[in-house]
>>> print(open('model.cif').read())   # mmCIF, C-alpha atoms and all ligand atoms
data_data
#
loop_
_atom_site.label_atom_id
_atom_site.label_comp_id
_atom_site.auth_asym_id
_atom_site.auth_seq_id
_atom_site.Cartn_x
_atom_site.Cartn_y
_atom_site.Cartn_z
CA MET B 1 136.38 -172.24 94.50
CA ILE B 2 137.34 -175.37 92.59
CA LYS B 3 137.53 -173.58 89.26
CA ILE B 4 140.15 -171.06 90.34
CA ALA B 5 143.42 -172.08 88.71
CA LYS B 6 146.03 -173.60 91.01
CA THR B 7 149.11 -171.99 89.57
CA GLU B 8 152.82 -172.64 90.01
CA GLY B 9 153.58 -168.95 90.50
CA PRO B 10 151.89 -165.66 91.38
CA VAL B 11 149.60 -165.37 88.34
CA ILE B 12 147.14 -162.50 88.72
CA ASP B 13 143.72 -163.30 90.16
CA LEU B 14 141.85 -162.17 87.05
CA ILE B 15 143.54 -164.85 84.95
CA LYS B 16 143.21 -167.49 87.65
CA GLY B 17 139.51 -166.76 88.00
CA ARG B 18 138.45 -166.90 84.34
CA TRP B 19 137.03 -170.19 83.20
CA SER B 20 134.67 -171.40 80.50
CA ALA B 21 131.30 -171.57 82.23
CA ARG B 22 128.19 -173.41 81.07
CA SER B 23 125.60 -172.53 83.68
CA PHE B 24 124.30 -169.08 82.85
CA ALA B 25 121.80 -167.16 84.96
CA GLU B 26 118.58 -165.62 83.64
CA ARG B 27 120.01 -162.17 84.45
CA ALA B 28 120.67 -160.02 81.39
CA VAL B 29 124.06 -158.53 80.62
CA SER B 30 123.59 -154.91 79.64
CA GLU B 31 124.51 -153.73 76.17
CA GLN B 32 126.72 -151.15 77.85
CA ASP B 33 128.70 -153.94 79.55
CA ILE B 34 128.98 -155.80 76.26
CA HIS B 35 130.40 -152.61 74.75
CA THR B 36 132.96 -152.39 77.54
CA MET B 37 134.06 -155.97 76.82
CA LEU B 38 134.32 -155.19 73.12
CA GLU B 39 136.32 -152.07 73.87
CA ALA B 40 138.72 -154.15 75.98
CA ALA B 41 139.11 -156.42 72.96
CA THR B 42 140.02 -153.49 70.72
CA TRP B 43 142.93 -152.58 72.99
CA ALA B 44 144.73 -155.80 72.12
CA ALA B 45 148.02 -155.63 70.26
CA SER B 46 147.90 -156.43 66.56
CA ALA B 47 150.36 -156.63 63.66
CA ASN B 48 150.70 -153.13 62.11
CA ASN B 49 147.88 -152.09 64.44
CA GLU B 50 145.63 -153.52 61.74
CA GLN B 51 143.02 -154.53 64.32
CA PRO B 52 141.81 -157.33 62.05
CA TRP B 53 138.94 -158.25 64.38
CA GLU B 54 135.24 -157.72 64.00
CA TYR B 55 132.48 -158.63 66.42
CA TYR B 56 128.82 -159.36 65.96
CA TYR B 57 126.73 -159.76 69.08
CA ALA B 58 123.16 -160.66 69.94
CA LEU B 59 121.32 -160.39 73.24
CA LYS B 60 119.06 -163.21 74.40
CA GLY B 61 115.48 -162.75 73.30
CA THR B 62 116.32 -161.27 69.93
CA GLU B 63 115.96 -162.89 66.53
CA GLY B 64 119.71 -162.55 66.00
CA PHE B 65 120.36 -164.54 69.17
CA ALA B 66 117.86 -167.24 68.21
CA ARG B 67 119.55 -167.70 64.83
CA LEU B 68 123.02 -167.92 66.37
CA ALA B 69 121.75 -170.37 68.99
CA GLU B 70 120.22 -172.46 66.21
CA SER B 71 123.67 -172.91 64.66
CA LEU B 72 125.19 -174.42 67.82
CA MET B 73 126.32 -178.06 67.83
CA PRO B 74 124.54 -180.49 70.20
CA GLY B 75 127.44 -180.30 72.66
CA ASN B 76 126.92 -176.57 73.03
CA LYS B 77 123.28 -175.81 72.33
CA PRO B 78 121.77 -177.14 75.61
CA TRP B 79 123.73 -174.66 77.74
CA ALA B 80 124.94 -171.91 75.40
CA ALA B 81 121.38 -171.13 74.30
CA ASN B 82 120.83 -169.94 77.89
CA ALA B 83 123.62 -167.37 77.72
CA ALA B 84 122.70 -163.70 78.07
CA ALA B 85 124.52 -162.89 74.85
CA LEU B 86 126.38 -164.58 72.03
CA ILE B 87 129.33 -162.82 70.45
CA VAL B 88 130.84 -163.89 67.14
CA SER B 89 134.53 -163.15 66.65
CA VAL B 90 135.52 -162.59 63.02
CA ALA B 91 138.98 -162.01 61.52
CA ARG B 92 139.66 -159.93 58.41
CA LYS B 93 142.26 -161.91 56.46
CA THR B 94 143.88 -159.14 54.41
CA PHE B 95 145.48 -155.81 55.27
CA ALA B 96 143.17 -152.85 54.60
CA ALA B 97 145.98 -150.73 53.10
CA ASN B 98 147.18 -153.08 50.35
CA GLY B 99 145.03 -156.21 50.32
CA ASN B 100 147.99 -158.43 51.18
CA GLU B 101 147.38 -161.51 53.27
CA ASN B 102 147.61 -160.87 57.01
CA LYS B 103 149.07 -164.09 58.40
CA MET B 104 148.62 -162.73 61.91
CA ALA B 105 144.90 -162.04 61.65
CA PHE B 106 143.76 -165.10 63.59
CA HIS B 107 146.44 -164.60 66.19
CA ASP B 108 145.42 -161.00 66.71
CA ALA B 109 141.72 -161.80 66.86
CA GLY B 110 142.53 -164.42 69.50
CA MET B 111 144.44 -161.83 71.51
CA ALA B 112 141.42 -159.55 71.37
CA ASN B 113 139.14 -162.39 72.44
CA ALA B 114 141.32 -163.12 75.44
CA GLN B 115 141.08 -159.49 76.50
CA LEU B 116 137.32 -159.52 76.01
CA MET B 117 136.99 -162.57 78.24
CA LEU B 118 139.21 -161.15 80.96
CA GLN B 119 137.36 -157.82 80.93
CA ALA B 120 134.11 -159.77 81.30
CA LYS B 121 135.50 -161.69 84.27
CA ALA B 122 136.57 -158.43 85.89
CA MET B 123 132.89 -157.43 85.65
CA ASP B 124 131.79 -160.75 87.16
CA VAL B 125 130.53 -161.94 83.78
CA TYR B 126 131.55 -165.39 82.58
CA THR B 127 132.36 -166.38 79.03
CA HIS B 128 132.77 -169.57 77.05
CA PRO B 129 134.48 -169.58 73.64
CA MET B 130 133.12 -172.15 71.20
CA GLY B 131 134.14 -173.62 67.88
CA GLY B 132 131.19 -176.00 67.84
CA PHE B 133 128.64 -174.36 65.59
CA ASP B 134 127.69 -174.41 61.93
CA ARG B 135 130.02 -171.88 60.37
CA ASN B 136 128.15 -171.82 57.09
CA MET B 137 124.93 -170.88 58.84
CA VAL B 138 126.57 -168.06 60.78
CA THR B 139 128.57 -166.83 57.77
CA GLU B 140 125.28 -166.54 55.91
CA GLN B 141 123.49 -164.89 58.83
CA LEU B 142 126.24 -162.29 59.13
CA GLN B 143 126.63 -162.00 55.36
CA LEU B 144 130.40 -162.23 55.61
CA ASN B 145 132.40 -161.83 52.42
CA ASP B 146 135.41 -164.02 51.52
CA ASP B 147 137.81 -161.67 53.29
CA LYS B 148 136.20 -162.42 56.61
CA GLN B 149 136.45 -165.62 58.56
CA ILE B 150 134.72 -166.60 61.78
CA VAL B 151 137.16 -167.29 64.60
CA CYS B 152 134.78 -168.49 67.29
CA MET B 153 131.54 -167.73 69.08
CA ILE B 154 131.59 -166.65 72.73
CA ALA B 155 128.74 -167.31 75.15
CA VAL B 156 128.45 -164.58 77.77
CA GLY B 157 126.47 -164.36 81.01
CA TYR B 158 126.32 -164.26 84.78
CA LEU B 159 127.08 -167.51 86.52
CA ASP B 160 124.37 -169.81 87.89
CA HIS B 161 124.48 -173.06 89.89
CA ALA B 162 125.96 -176.13 88.21
CA ASN B 163 122.98 -178.12 89.50
CA LYS B 164 120.66 -176.76 86.86
CA LEU B 165 122.72 -178.36 84.08
CA GLU B 166 122.05 -181.80 82.61
CA GLU B 167 124.84 -184.33 82.37
CA PRO B 168 127.50 -184.39 80.98
CA PHE B 169 127.57 -180.60 81.30
CA LYS B 170 127.02 -180.58 85.05
CA THR B 171 130.09 -182.73 85.68
CA ARG B 172 132.15 -180.59 83.32
CA GLU B 173 131.01 -177.49 85.18
CA ILE B 174 132.32 -178.75 88.51
CA THR B 175 135.48 -180.48 87.30
CA GLU B 176 138.68 -178.81 88.34
CA ARG B 177 140.62 -177.10 85.55
CA SER B 178 144.07 -178.39 84.67
CA ARG B 179 147.03 -177.32 82.61
CA LYS B 180 150.29 -178.82 81.39
CA PRO B 181 153.20 -177.88 83.65
CA ILE B 182 155.39 -174.99 82.48
CA ALA B 183 158.32 -177.42 82.11
CA GLU B 184 156.38 -179.24 79.41
CA ILE B 185 155.56 -176.22 77.27
CA ALA B 186 158.56 -173.91 77.73
CA ARG B 187 162.32 -174.22 78.02
CA GLU B 188 165.22 -171.88 78.23
CA ILE B 189 167.44 -171.97 75.15
C1 LIG T 201 138.65 -171.54 69.99
C2 LIG T 201 137.97 -172.32 71.09
C3 LIG T 201 136.93 -173.16 70.78
C4 LIG T 201 136.27 -173.86 71.80
N1 LIG T 201 135.18 -174.61 71.48
C5 LIG T 201 134.44 -175.15 72.48
C6 LIG T 201 133.20 -175.77 72.19
O1 LIG T 201 132.73 -175.82 71.04
N2 LIG T 201 132.50 -176.30 73.22
C7 LIG T 201 132.95 -176.26 74.51
O2 LIG T 201 132.27 -176.75 75.40
N3 LIG T 201 134.12 -175.63 74.82
C8 LIG T 201 134.86 -175.07 73.85
N4 LIG T 201 136.01 -174.38 74.15
C9 LIG T 201 136.40 -174.22 75.56
C10 LIG T 201 137.60 -175.07 75.92
O3 LIG T 201 137.21 -176.42 76.02
C11 LIG T 201 138.21 -174.55 77.24
O4 LIG T 201 138.69 -173.25 77.04
C12 LIG T 201 139.32 -175.44 77.75
O5 LIG T 201 138.83 -176.70 78.12
C13 LIG T 201 140.02 -174.83 78.95
O6 LIG T 201 139.08 -174.57 79.97
P1 LIG T 201 138.93 -173.12 80.61
O7 LIG T 201 138.60 -172.16 79.51
O8 LIG T 201 137.81 -173.27 81.59
O9 LIG T 201 140.23 -172.78 81.25
C14 LIG T 201 136.71 -173.72 73.15
C15 LIG T 201 137.78 -172.88 73.44
C16 LIG T 201 138.40 -172.18 72.44
C17 LIG T 201 139.52 -171.23 72.81
#
>>> encode(input="model.cif", output="structure tokens", more="lines below")
Ligand SMILES: Cc1cc2nc3c(=O)[nH]c(=O)nc-3n(C[C@H](O)[C@H](O)[C@H](O)COP(=O)(O)O)c2cc1C
Amino acid sequence: MIKIAKTEGPVIDLIKGRWSARSFAERAVSEQDIHTMLEAATWAASANNEQPWEYYYALKGTEGFARLAESLMPGNKPWAANAAALIVSVARKTFAANGNENKMAFHDAGMANAQLMLQAKAMDVYTHPMGGFDRNMVTEQLQLNDDKQIVCMIAVGYLDHANKLEEPFKTREITERSRKPIAEIAREI
């Protein structure tokens, strides 16, 4: 399949097969499967094992989902509103033990999100992380205090045909993925 990463070396299939999908099927993702994805997230490494991540999720058809979908930017709303679930990733910015700033909080939440997305792919569920939504709206919906900051929202669902998407999303859905070569982003010192 065109979306499977063409890698330089023997990268594992799970990583090669994950990509940010836009065409989501009507099929629901069970709450149990969402929990499994969230549990995978919690097994990420984190500074001091602080686990500075929090997740808020809503299944399609609920009021929570409708409100999250309402916050999406025009480049995301047409397709992400069809996801089976929307998950909001939140980072806690200070350490629970002493209130000091945790400079690693966003990093660690990102690690957890990567694990969530790979666990989903292992279950044949596709994900799409998004920064394009109204953060103020979602912060208010989730009633987040100042210690908590939204990292991203993740659309989750089973894959459907690209044909059902409007342009420009359809073209994006079928365009091959690409990455910078290793030589450009890493060097031996
Ligand atoms: C934090 C973050 C925010 C993103 N925001 C958006 C977004 O708002 N809309 C969108 O279509 N894709 C968004 N993406 C998806 C990226 O465009 C995508 O991951 C990138 O093009 C690589 O493609 P791949 O995930 O299929 O490998 C976001 C990804 C990340 C990690």
>>> atom_distance(input="model.cif", atom1="atom CA of B:Ala58", atom2="atom CA of B:Glu140")
15.4 Å
>>> axis_aligned_box(input="model.cif", around="stretch 86-95 of chain B", padding_each_side="4 Å", output="lines of an AutoDock Vina configuration file")
center_x = 135.9
center_y = -160.2
center_z = 63.2
size_x = 27.1
size_y = 16.8
size_z = 25.6
>>> residues_around(input="model.cif", residues="stretch 13-22 of chain B", least_positions_apart="4", cutoff="9 Å", atoms="only C-alpha atoms", output="PyMOL selection string")
chain B and resi 3-7+76+79-80+82-83+117-122+126-129+155-157+159-160+162+165+169-170+172-173+177
>>> write_last_selection(input="model.cif", atoms="C-alpha atoms", output="PDB file, in the coordinates of the input")
ATOM      1  CA  LYS B   3     137.530-173.580  89.260  1.00  0.00           C
ATOM      2  CA  ILE B   4     140.150-171.060  90.340  1.00  0.00           C
ATOM      3  CA  ALA B   5     143.420-172.080  88.710  1.00  0.00           C
ATOM      4  CA  LYS B   6     146.030-173.600  91.010  1.00  0.00           C
ATOM      5  CA  THR B   7     149.110-171.990  89.570  1.00  0.00           C
ATOM      6  CA  ASN B  76     126.920-176.570  73.030  1.00  0.00           C
ATOM      7  CA  TRP B  79     123.730-174.660  77.740  1.00  0.00           C
ATOM      8  CA  ALA B  80     124.940-171.910  75.400  1.00  0.00           C
ATOM      9  CA  ASN B  82     120.830-169.940  77.890  1.00  0.00           C
ATOM     10  CA  ALA B  83     123.620-167.370  77.720  1.00  0.00           C
ATOM     11  CA  MET B 117     136.990-162.570  78.240  1.00  0.00           C
ATOM     12  CA  LEU B 118     139.210-161.150  80.960  1.00  0.00           C
ATOM     13  CA  GLN B 119     137.360-157.820  80.930  1.00  0.00           C
ATOM     14  CA  ALA B 120     134.110-159.770  81.300  1.00  0.00           C
ATOM     15  CA  LYS B 121     135.500-161.690  84.270  1.00  0.00           C
ATOM     16  CA  ALA B 122     136.570-158.430  85.890  1.00  0.00           C
ATOM     17  CA  TYR B 126     131.550-165.390  82.580  1.00  0.00           C
ATOM     18  CA  THR B 127     132.360-166.380  79.030  1.00  0.00           C
ATOM     19  CA  HIS B 128     132.770-169.570  77.050  1.00  0.00           C
ATOM     20  CA  PRO B 129     134.480-169.580  73.640  1.00  0.00           C
ATOM     21  CA  ALA B 155     128.740-167.310  75.150  1.00  0.00           C
ATOM     22  CA  VAL B 156     128.450-164.580  77.770  1.00  0.00           C
ATOM     23  CA  GLY B 157     126.470-164.360  81.010  1.00  0.00           C
ATOM     24  CA  LEU B 159     127.080-167.510  86.520  1.00  0.00           C
ATOM     25  CA  ASP B 160     124.370-169.810  87.890  1.00  0.00           C
ATOM     26  CA  ALA B 162     125.960-176.130  88.210  1.00  0.00           C
ATOM     27  CA  LEU B 165     122.720-178.360  84.080  1.00  0.00           C
ATOM     28  CA  PHE B 169     127.570-180.600  81.300  1.00  0.00           C
ATOM     29  CA  LYS B 170     127.020-180.580  85.050  1.00  0.00           C
ATOM     30  CA  ARG B 172     132.150-180.590  83.320  1.00  0.00           C
ATOM     31  CA  GLU B 173     131.010-177.490  85.180  1.00  0.00           C
ATOM     32  CA  ARG B 177     140.620-177.100  85.550  1.00  0.00           C
TER      33      ARG B 177
END
>>> residues_near_point(input="model.cif", point="(135.6, -158.8, 63.0)", cutoff="7 Å", atoms="all atoms listed in the file", output="PyMOL selection string")
chain B and resi 52-55+89-92
>>> closest_residue(input="model.cif", among="B:Lys60, B:Arg67, B:Glu8, B:Leu72", to="B:Arg179", atoms="all atoms listed in the file")
B:Glu8
>>> closest_residue(input="model.cif", among="B:Val29, B:Ala112, B:Ile185, B:Ala66", to="B:Ala84", atoms="all atoms listed in the file")
B:Val29
>>> atom_distance(input="model.cif", atom1="atom O1 of ligand LIG 201 (chain T)", atom2="atom CA of B:Thr62")
22.0 Å
>>> closest_residue(input="model.cif", among="B:Pro168, B:Pro181, B:Gly75, B:Gly99", to="ligand LIG 201 (chain T)", atoms="all atoms listed in the file")
B:Gly75
>>> atom_distance(input="model.cif", atom1="atom CA of B:Met104", atom2="atom C1 of ligand LIG 201 (chain T)")
15.6 Å
